[in-house]
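See structure below.
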Amino acid sequence: MITANNLDRSKLMDVIWDIQRKKNHIGHDDITKIAQQFDMSRMELEGIVTFYHFYHRIPSGKFTIYLNDSIVSEHSGRPEVLEAFEKSLGIKLGRISADGLFGLYKTPCIGLSDQEPSCLINFKPFTNLTPEKVYDIVEQLRNGAKPSKICDHPETNVRYTPEPERTIFFKPYDRFTSLTKLNEYEPFEIIEIIKNSKLTGRGGAFFPTGLKWQFCRQNEGPIKYLICNADEGEPGTFKDRVLMQQHPELLIEGMILGAYAIGAAQGAIYLRAEYMYLRKSLETLLQTYREQGYLGRNIRAKRPFDFDIYIHMGAGAYVCGEETALIHSMEGKRGEPSTKEYFPVERGFNNRPTVVNNVETLSAVPRILMMGLDKYLELGTEKTPGTKLLSVSGDCELPGLYEIEWGMKLRDFLELIGAKDTKFILFNGYAGECLSEVDFDREISGENLLADDVLFHFKNPIEYAQKMSGIGLRAGGSVMIFNKSRDVLNVMKNVADFFVDESCGICVPCRTGNFLLNKKIDRIKLGHGEERDLEEIKEWSKIIKTTSRCGLGKMSSTALNDAIFKFPDVFGTVLSENTDFNKAFNLKDATVDYDRIINEMTSDYE
Amino acid sequence: MSNLVNLKIDGKPIQAEAGTNLVDVAKQNGTYIPTLCYFKELNPLATCRICTVKVNGRETTGCTVKVAEGMDVEVSTPELLDNRKAIIEMLYAEGNHFCPSCEKSGNCDMQNLGYDMGITVTRYPHVFSDKIVDFNPKRMIMESNRCILCKRCVEEVKTSDGKDVFSFVQRGVKTRVHIDYEQEAKLTEAEAIHAMNICPVGAILVKGMIHEQPFGERKYDLLGKDIKPRVKEESLRETEDGKFIVATTSLAGCFGCHMSLLDIDTDLLDVLEIVEFNKSPLTDIKNFSKQCHIGLVEGGCANSENVEVLREFRKKCDILVGFGECAIMGGIPAMRNFVPLKECLDEAYLNGMTTEVGADIIPGHEDIPKILNNVYPCNEVVKIDYYIPGCPPNAQHIWKVVKSILLGEEFSIAHDEFKYD
């Protein structure tokens, strides 16, 4: 029980989490109490609680079930699994059972795309669900089993690595070994090595890591922070989960080395709530590092140097993967991206210079230092040396994690994963590109990149194929494969729904623009679409792209526009000619309320 | 301290002090970058995105940019101007804005920008979002239908002990600003009025302090007189027997636009020289007897009959013109969209002040039109070719538009003809 007023605001989310876990919702009195503890208005707190979708204001069931509703899950049998849940629990999606035992909710991708359909029950993972398995799980829970006892342990499914000397991540590693480098190098030397290694942000933004560190180093300040972005929210990505399952020591040592380089004394891992089951093992490992003297005050590997790491739990907001939103979230605020007036390296967490790096980026650091710059630069391509982790899901024989050297041809990669009959690929997740056959000869690398608005200027797919064949595909991590039996429109609808749910709401182009684009897709799906609608989608996307505040709005319509461009047959056949009548306006639908009211009244008389 | 840097705004070389805000620098040098959320240099909010400009070829919000040496800023390219207009239109489509009944009309930043940009209608379909009007606070009214989520009040209005009065709640398209009642009660009268005044629209109102300024003295009453309209090119239309056929109708409107139409008095005789009226309340012709050149539609669609008539008009008229606020945005009748239909009907037929005691019937019969779930603007049902805004539009203005369309003449609407409130 905390009694003191004016608690450190960054602890706010932990306090809310405690109550959410204990009472499965945040009640009216809880709001009053927490607001008082943190010296804020009730409504401000209300705003924070309602921002994150894992916090509930009304009871969410003793067993809160979150069923993944991403498209890969849908294609792997989610509809049947959902039906099994609804039948066995006797409730519809989004409801809680009358006895308050179960709550059934949907949630976007939970980072288990290679073992779908999957769900979280009280944040414990259950993978490869089938209707039979669902009935069994519900039965066991009803009989008093604990989710932690009956849950699955997600497979790491590491399917491919290059030969050992060309592998960066997935090969044996001896704990603490990279920390000897602390004595070998000065901070600026580490920054120099990382700069020369051309390591870029592996979360998908590709900002040069060394440069980021250098900027942060240059910004004077008594306190600096290093934050690891483990809010792996991009649908289809699970590489960070696998890294944290298999080689968490790389991440921790990467953070220690990074902190030494930029001069940070405090570090944090912003772990997405979907990965709560990894928290315990991470905490244990951090404790081991502390006990061995590698974390904490005056760490053993380098004196004098203080550095410690704590874990901050997210609470379900895709936008918090954006670094400034993540920082706001860590400060106990709504996870809205900042105005970009300052970069985090100038004013980040608590207004101090802050570096935010992805799990994969940080995990690469110890390896680069250990293997030496020269050997590292031999791998991959010139602009993107090294290897890349790709999370593969969807229609292929071997979904799972792949560590490949940059420069592999997409066609070879598809062969490697056993993808046959591929119609299209969502590359880099929902916020990425939609690739079709015309892209298969491109290589996965950061070579010859083009500006991102180029797509709007191509006249037809043939011209596109000619111009794009030499252009690299910079991979962020997610590769979702769809074969010829899949409906492009259906996939795009799932993507559009996702962005409507996940927009933070701070700027109108993203908040309402994505909502309107979603309505357009509905229109086309219902057969009400016209030529004009495609034109409008294109124009509106451009407006959303150019005026949105953060990457969410800037990328949300890319896949859709790619698909329209690359699959004219799909979109062409569902369209009708332009007419002066809005076919989506249906008089019958528009009078349902009135009909119902009149029917109720007349049945009253009888 | 003078530390001048050189930059270019729309190609014009400019000197300014390093680190000053781009919006301010542009303003001082005669380039207007419109803004809605920006009101304090120290703390740009960058929520409204209207000030989006291109700096060195990249889009960014002007309010967050500090000028630096060698900056090349584009403000008024056709693309950027259209982006700005698009955002304002999106704000209109997202909220439920009814200027004719809004207390802030004439003092509203967004309304003024709408006029400046010549917005007659939004290119987006209406969102029809459920929003509430909160009368509970002690002193204020929070009219969420009008709120554009600019965040000014959230950032600016605090109690003396530093607590937020206004907060964002929920996320995405459901985001709203809510008032914390306990904190609101702590505000002084002056602070409450300040909150109302910094609201760029009419979302925050202070009870009893709403109509401070009389018409003619409001912030934007006299602005924009010298704005030159943009000219659109129209195609010439053929004439038959020297006369054009015009039809008019009033759907869910008050006939005020038709009244206004008659206000041209004796000029009507000139009009009749070139125009023959077909189906119209003016001629009392009930059914179309021939194809018409122009159909003038007043009012939106509130019931099934409105929809039928509008569709008939679309079929029988080559060009359809929506005139008046109700046809364009739904207008006053659309204000019932905030209230569930059942409540509307109960109020009208069962519990209203003027219903007979013991009334228990809501009319329903196959012969009478059905009420729609929402009141729809005409362009949600059929394509509308032209819009004449106003509540009601001025008579001369209506005829000027009709005549110009018929004769295929280019025409431009002066700002004061276009500005109604």
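Chain labels run A, B, ... following the order of the structure tokens; each chain numbers its residues from 1, and ligands are numbered from 1 in the order shown.
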Can you work out which residues from chain B touch chain A at a cut-off of 8 Å (counting only C-alpha atoms) and hand them back as a compact mmCIF listing (two decimals) with N, CA and C atoms, in the first residue's frame?
# COMPACT_ATOMS: atom_id res chain seq x y z
N PRO B 44 4.26 24.59 -29.01
CA PRO B 44 3.44 24.21 -30.16
C PRO B 44 2.86 22.82 -29.95
N LEU B 45 1.61 22.64 -30.36
CA LEU B 45 0.93 21.37 -30.08
C LEU B 45 0.99 20.42 -31.26
N ALA B 46 1.01 21.00 -32.47
CA ALA B 46 1.10 20.18 -33.69
C ALA B 46 0.06 19.09 -33.74
N THR B 47 -1.16 19.41 -33.32
CA THR B 47 -2.22 18.40 -33.39
C THR B 47 -3.09 18.60 -34.63
N CYS B 48 -3.29 19.86 -35.06
CA CYS B 48 -4.27 20.09 -36.12
C CYS B 48 -3.70 19.81 -37.50
N ARG B 49 -2.41 19.90 -37.67
CA ARG B 49 -1.68 19.59 -38.91
C ARG B 49 -1.99 20.54 -40.05
N THR B 52 0.86 22.38 -42.06
CA THR B 52 1.83 21.53 -42.76
C THR B 52 2.43 22.28 -43.95
N GLU B 59 7.66 17.31 -45.79
CA GLU B 59 6.50 17.85 -45.10
C GLU B 59 6.71 17.84 -43.58
N THR B 60 6.34 18.93 -42.96
CA THR B 60 6.36 19.00 -41.51
C THR B 60 5.42 20.11 -41.08
N THR B 61 5.09 20.15 -39.80
CA THR B 61 4.21 21.21 -39.35
C THR B 61 5.01 22.49 -39.12
N THR B 64 6.15 23.69 -35.48
CA THR B 64 7.22 23.06 -34.71
C THR B 64 8.61 23.36 -35.28
N VAL B 65 8.64 24.18 -36.34
CA VAL B 65 9.92 24.44 -36.99
C VAL B 65 10.52 25.74 -36.47
N ASN B 83 -3.97 20.14 -49.27
CA ASN B 83 -3.84 19.38 -48.03
C ASN B 83 -4.54 20.09 -46.89
N ALA B 86 -8.15 19.95 -47.23
CA ALA B 86 -8.60 18.58 -46.96
C ALA B 86 -8.72 18.32 -45.46
N ILE B 87 -7.76 18.84 -44.69
CA ILE B 87 -7.79 18.59 -43.25
C ILE B 87 -8.99 19.28 -42.61
N MET B 90 -11.94 17.41 -43.39
CA MET B 90 -12.00 16.18 -42.59
C MET B 90 -12.52 16.49 -41.19
N LEU B 91 -12.11 17.64 -40.65
CA LEU B 91 -12.61 18.03 -39.33
C LEU B 91 -14.12 18.26 -39.38
N GLU B 94 -15.77 14.87 -39.57
CA GLU B 94 -15.61 14.10 -38.35
C GLU B 94 -16.56 14.55 -37.24
N TYR B 124 -15.34 14.35 -47.91
CA TYR B 124 -15.44 13.07 -47.22
C TYR B 124 -16.87 12.79 -46.78
N PRO B 125 -17.22 11.52 -46.69
CA PRO B 125 -18.54 11.21 -46.15
C PRO B 125 -18.59 11.54 -44.66
N VAL B 127 -18.95 11.15 -40.74
CA VAL B 127 -18.60 10.05 -39.86
C VAL B 127 -19.79 9.64 -38.98
N LEU B 149 -10.30 18.41 -31.05
CA LEU B 149 -9.18 17.78 -30.34
C LEU B 149 -7.85 18.47 -30.60
N LYS B 163 -3.47 20.86 -11.49
CA LYS B 163 -4.11 19.67 -12.03
C LYS B 163 -4.85 19.99 -13.34
N ASP B 164 -4.95 18.98 -14.19
CA ASP B 164 -5.63 19.16 -15.47
C ASP B 164 -7.13 19.25 -15.28
N VAL B 165 -7.73 20.16 -16.04
CA VAL B 165 -9.19 20.27 -16.02
C VAL B 165 -9.77 19.49 -17.19
N PHE B 166 -9.12 19.63 -18.32
CA PHE B 166 -9.57 18.93 -19.53
C PHE B 166 -8.60 17.79 -19.83
N SER B 167 -9.12 16.65 -20.24
CA SER B 167 -8.24 15.54 -20.58
C SER B 167 -8.75 14.80 -21.81
N PHE B 168 -7.81 14.26 -22.57
CA PHE B 168 -8.15 13.33 -23.65
C PHE B 168 -8.52 12.00 -23.02
N VAL B 169 -9.61 11.42 -23.50
CA VAL B 169 -10.05 10.13 -23.01
C VAL B 169 -10.27 9.23 -24.22
N GLN B 170 -10.05 7.93 -24.05
CA GLN B 170 -10.13 6.95 -25.15
C GLN B 170 -9.06 7.24 -26.19
N ARG B 171 -9.09 6.49 -27.29
CA ARG B 171 -8.11 6.74 -28.32
C ARG B 171 -8.70 6.53 -29.71
N GLY B 172 -7.92 6.86 -30.72
CA GLY B 172 -8.36 6.69 -32.10
C GLY B 172 -9.56 7.57 -32.38
N VAL B 173 -10.45 7.04 -33.19
CA VAL B 173 -11.59 7.83 -33.64
C VAL B 173 -12.57 8.09 -32.49
N LYS B 174 -12.37 7.38 -31.36
CA LYS B 174 -13.24 7.59 -30.20
C LYS B 174 -12.69 8.63 -29.23
N THR B 175 -11.54 9.20 -29.53
CA THR B 175 -10.93 10.16 -28.60
C THR B 175 -11.86 11.35 -28.36
N HIS B 178 -12.74 15.34 -22.16
CA HIS B 178 -13.70 15.35 -21.06
C HIS B 178 -13.25 16.34 -19.99
N ILE B 179 -14.23 16.85 -19.27
CA ILE B 179 -13.94 17.79 -18.18
C ILE B 179 -13.95 17.04 -16.86
N ASP B 180 -12.97 17.31 -16.02
CA ASP B 180 -12.98 16.78 -14.66
C ASP B 180 -13.81 17.73 -13.81
N GLN B 183 -12.17 19.41 -10.65
CA GLN B 183 -11.17 20.44 -10.94
C GLN B 183 -11.83 21.68 -11.56
N SER B 304 -37.90 8.67 -45.70
CA SER B 304 -37.80 7.90 -46.94
C SER B 304 -38.34 8.67 -48.13
N VAL B 307 -35.69 10.80 -49.63
CA VAL B 307 -34.74 10.03 -50.43
C VAL B 307 -35.32 9.75 -51.82
N ARG B 311 -33.77 11.16 -55.32
CA ARG B 311 -33.34 10.25 -56.39
C ARG B 311 -34.06 10.59 -57.69
N ARG B 314 -32.41 13.50 -59.16
CA ARG B 314 -31.13 13.14 -59.79
C ARG B 314 -31.38 12.58 -61.18
N LEU B 341 -33.19 7.90 -32.09
CA LEU B 341 -34.45 8.16 -32.77
C LEU B 341 -35.65 7.95 -31.85
N LYS B 342 -35.54 6.92 -31.00
CA LYS B 342 -36.65 6.62 -30.09
C LYS B 342 -36.96 7.83 -29.21
N ILE B 361 -49.38 7.11 -29.20
CA ILE B 361 -49.15 6.55 -30.53
C ILE B 361 -48.04 7.32 -31.26
N ILE B 362 -47.05 6.55 -31.72
CA ILE B 362 -46.10 7.10 -32.67
C ILE B 362 -46.59 6.69 -34.05
N PRO B 363 -46.86 7.65 -34.93
CA PRO B 363 -47.49 7.28 -36.20
C PRO B 363 -46.63 6.31 -36.99
N GLY B 364 -47.24 5.29 -37.52
CA GLY B 364 -46.56 4.33 -38.38
C GLY B 364 -47.59 3.69 -39.29
N LYS B 370 -41.11 6.84 -43.80
CA LYS B 370 -40.39 6.36 -42.63
C LYS B 370 -39.27 7.34 -42.27
N ILE B 371 -39.09 7.50 -40.97
CA ILE B 371 -38.02 8.40 -40.53
C ILE B 371 -36.68 7.65 -40.63
N LEU B 372 -35.65 8.32 -41.14
CA LEU B 372 -34.32 7.69 -41.26
C LEU B 372 -33.59 7.71 -39.91
N ASN B 373 -32.65 6.80 -39.76
CA ASN B 373 -31.86 6.75 -38.52
C ASN B 373 -31.12 8.06 -38.26
N ASN B 374 -30.61 8.61 -39.34
CA ASN B 374 -29.91 9.89 -39.25
C ASN B 374 -30.49 10.83 -40.29
N GLU B 380 -24.78 12.39 -49.54
CA GLU B 380 -24.61 11.03 -49.05
C GLU B 380 -25.52 10.08 -49.84
N VAL B 381 -26.50 10.64 -50.54
CA VAL B 381 -27.47 9.80 -51.23
C VAL B 381 -27.26 9.81 -52.74
N VAL B 382 -27.09 10.99 -53.30
CA VAL B 382 -26.82 11.09 -54.74
C VAL B 382 -25.67 12.06 -54.95
N LYS B 383 -25.19 12.11 -56.18
CA LYS B 383 -24.14 13.06 -56.48
C LYS B 383 -24.73 14.45 -56.63
Q.
Let's see if you can do this: from backbone DSSP, list all strand (DSSP E or B) residues in stretch 296-421 of chain A, as a count of residues only.
A. 31
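Proximity of A:Ile404, A:Ala98, A:Ile223, A:Val495 to A:Gly263, computed with only C-alpha atoms, is greatest for A:Ile223.
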Q: If you run DSSP over the backbone, which residues in stretch 358-512 of chain A end up helix (DSSP H, G or I)? Put them as an NGL selection string.
A: :A and (359-371 or 373-378 or 410-417 or 437-439 or 454-457 or 461-468 or 488-502 or 508-511)
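Note that the spacing between atom CA of A:Lys224 and atom CA of A:Val356 amounts to 11.2 Å.
Distance annotation: of B:Leu269, B:Ile132, B:Ile368, B:Val375, the residue with the minimal separation from B:Leu251 is B:Val375; atom set is only C-alpha atoms.
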**Q.** Gap from atom CA of A:Asp18 to atom CA of A:Phe123 - Å, one decimal
**A.** 13.5 Å
Q) Using only C-alpha atoms, which residues sit within 12 Å of A:Arg367 once same-chain residues fewer than 6 positions away are excluded, as an NGL selection string? A) :A and (165-179 or 181 or 193-194 or 197 or 199 or 247 or 249-251 or 253-254 or 257 or 360-361 or 373 or 375-376 or 386-387)
Q. In terms of the shortest atom-to-atom distance over only C-alpha atoms, which of B:Phe39, B:Lys243, B:Lys54, B:Asn351 is closest to B:Asn197?
A. B:Phe39
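You can rank B:Leu187, B:Ile332, B:Val157, B:Ile398 by their closest distance to B:Cys199 using only C-alpha atoms, and at the top of that list sits B:Val157.
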Q: Quick one: everything within 10 Å of A:Leu129, counting only C-alpha atoms, minus sequence neighbours fewer than 2 positions away in the same chain. Send it as a ChimeraX atom specification.
A: /A:76-78,80-82,115-119,126-127,131-134,137
Q. Residues at most 12 Å from A:Phe215, counting only C-alpha atoms, excluding those fewer than 6 positions away in the same chain, as number ranges by chain?
A. A: 188, 191, 195, 208-209, 224, 261-263, 343-347, 353-355
**Q.** 10 Å contact set for stretch 96-104 of chain B, only C-alpha atoms, chain neighbours under 6 positions out, as an MDAnalysis selection string
**A.** chainID B and resid 111 126:131 143:147 196:197 199:205 210:213 218:219 325:326 329:332 334:335 337:338 390:392 420:421
Could you save those same residues with N, CA and C atoms as a short mmCIF file (atom, residue, chain, number, x, y, z; two decimals), in the first residue's frame?
data_model
loop_
_atom_site.label_atom_id
_atom_site.label_comp_id
_atom_site.auth_asym_id
_atom_site.auth_seq_id
_atom_site.Cartn_x
_atom_site.Cartn_y
_atom_site.Cartn_z
N GLN B 111 -14.33 28.04 -38.53
CA GLN B 111 -15.30 28.58 -39.48
C GLN B 111 -14.61 29.59 -40.39
N HIS B 126 -19.76 11.81 -44.15
CA HIS B 126 -19.87 12.12 -42.73
C HIS B 126 -19.57 10.90 -41.89
N VAL B 127 -18.95 11.15 -40.74
CA VAL B 127 -18.60 10.05 -39.86
C VAL B 127 -19.79 9.64 -38.98
N PHE B 128 -20.70 10.58 -38.75
CA PHE B 128 -21.87 10.34 -37.90
C PHE B 128 -21.47 9.75 -36.56
N SER B 129 -20.47 10.34 -35.92
CA SER B 129 -20.02 9.78 -34.65
C SER B 129 -20.96 10.21 -33.52
N ASP B 130 -21.09 9.31 -32.55
CA ASP B 130 -21.89 9.64 -31.37
C ASP B 130 -21.07 10.49 -30.44
N LYS B 131 -21.51 11.67 -30.21
CA LYS B 131 -20.78 12.54 -29.29
C LYS B 131 -21.79 13.14 -28.32
N GLU B 143 -19.20 20.79 -25.46
CA GLU B 143 -19.96 20.40 -26.66
C GLU B 143 -19.04 19.55 -27.55
N SER B 144 -19.00 18.25 -27.29
CA SER B 144 -18.04 17.39 -28.01
C SER B 144 -18.29 17.34 -29.51
N ASN B 145 -19.52 17.60 -29.92
CA ASN B 145 -19.80 17.57 -31.36
C ASN B 145 -18.94 18.55 -32.14
N ARG B 146 -18.54 19.61 -31.47
CA ARG B 146 -17.78 20.65 -32.16
C ARG B 146 -16.28 20.53 -31.91
N CYS B 147 -15.89 19.64 -31.00
CA CYS B 147 -14.49 19.60 -30.57
C CYS B 147 -13.62 19.05 -31.69
N MET B 196 -12.84 29.15 -22.54
CA MET B 196 -13.78 29.30 -23.66
C MET B 196 -13.11 30.06 -24.80
N ASN B 197 -12.36 31.06 -24.45
CA ASN B 197 -11.76 31.90 -25.48
C ASN B 197 -10.63 31.23 -26.24
N CYS B 199 -10.53 28.14 -26.95
CA CYS B 199 -11.08 27.07 -27.79
C CYS B 199 -11.29 27.63 -29.20
N PRO B 200 -10.65 27.04 -30.21
CA PRO B 200 -10.75 27.61 -31.55
C PRO B 200 -12.10 27.38 -32.19
N VAL B 201 -12.90 26.52 -31.58
CA VAL B 201 -14.26 26.29 -32.08
C VAL B 201 -15.23 26.55 -30.94
N GLY B 202 -16.45 26.03 -31.04
CA GLY B 202 -17.43 26.32 -29.99
C GLY B 202 -17.64 25.16 -29.05
N ALA B 203 -16.56 24.43 -28.73
CA ALA B 203 -16.73 23.22 -27.91
C ALA B 203 -16.82 23.55 -26.42
N ILE B 204 -16.09 24.58 -25.99
CA ILE B 204 -16.13 24.93 -24.57
C ILE B 204 -16.95 26.20 -24.41
N LEU B 205 -18.02 26.11 -23.66
CA LEU B 205 -18.86 27.27 -23.45
C LEU B 205 -19.00 27.51 -21.96
N ILE B 210 -22.18 33.33 -22.97
CA ILE B 210 -21.94 32.84 -24.32
C ILE B 210 -22.00 33.92 -25.39
N HIS B 211 -23.06 34.73 -25.33
CA HIS B 211 -23.20 35.74 -26.39
C HIS B 211 -22.67 37.07 -25.91
N GLU B 212 -21.37 37.14 -25.78
CA GLU B 212 -20.77 38.37 -25.28
C GLU B 212 -20.81 39.49 -26.30
N GLN B 213 -20.38 39.12 -27.52
CA GLN B 213 -20.26 40.17 -28.52
C GLN B 213 -21.44 40.15 -29.48
N ARG B 218 -17.87 40.65 -33.80
CA ARG B 218 -17.16 39.41 -33.51
C ARG B 218 -15.83 39.39 -34.27
N LYS B 219 -15.01 38.45 -33.84
CA LYS B 219 -13.62 38.40 -34.31
C LYS B 219 -13.50 38.42 -35.84
N GLU B 325 -27.68 25.31 -46.06
CA GLU B 325 -26.91 24.49 -45.14
C GLU B 325 -27.47 23.06 -45.00
N CYS B 326 -28.79 22.95 -44.96
CA CYS B 326 -29.38 21.62 -44.69
C CYS B 326 -29.08 20.65 -45.82
N MET B 329 -24.94 20.04 -45.45
CA MET B 329 -24.40 19.35 -44.27
C MET B 329 -25.49 18.73 -43.39
N GLY B 330 -26.73 18.80 -43.79
CA GLY B 330 -27.80 18.27 -42.94
C GLY B 330 -28.49 19.36 -42.14
N GLY B 331 -27.72 20.38 -41.77
CA GLY B 331 -28.27 21.57 -41.12
C GLY B 331 -29.00 21.31 -39.82
N ILE B 332 -29.92 22.19 -39.50
CA ILE B 332 -30.64 22.12 -38.22
C ILE B 332 -31.31 20.76 -38.01
N ALA B 334 -30.38 17.94 -38.83
CA ALA B 334 -29.37 16.93 -38.50
C ALA B 334 -28.96 16.99 -37.05
N MET B 335 -29.37 18.03 -36.34
CA MET B 335 -29.01 18.09 -34.92
C MET B 335 -29.71 16.99 -34.14
N ASN B 337 -29.40 14.05 -34.95
CA ASN B 337 -28.50 12.90 -35.04
C ASN B 337 -27.80 12.61 -33.71
N PHE B 338 -27.76 13.58 -32.80
CA PHE B 338 -27.09 13.33 -31.52
C PHE B 338 -27.99 12.55 -30.57
N GLY B 390 -25.18 28.71 -47.16
CA GLY B 390 -25.89 29.84 -46.57
C GLY B 390 -27.09 29.34 -45.81
N CYS B 391 -27.57 30.17 -44.89
CA CYS B 391 -28.73 29.76 -44.11
C CYS B 391 -29.64 30.95 -43.89
N PRO B 392 -30.44 31.35 -44.88
CA PRO B 392 -30.45 30.81 -46.24
C PRO B 392 -29.46 31.56 -47.11
N TYR B 420 -21.80 33.81 -44.69
CA TYR B 420 -23.09 33.99 -44.02
C TYR B 420 -22.93 33.61 -42.57
N ASP B 421 -23.24 34.41 -41.68
CA ASP B 421 -23.44 33.95 -40.31
C ASP B 421 -23.92 35.10 -39.46
#
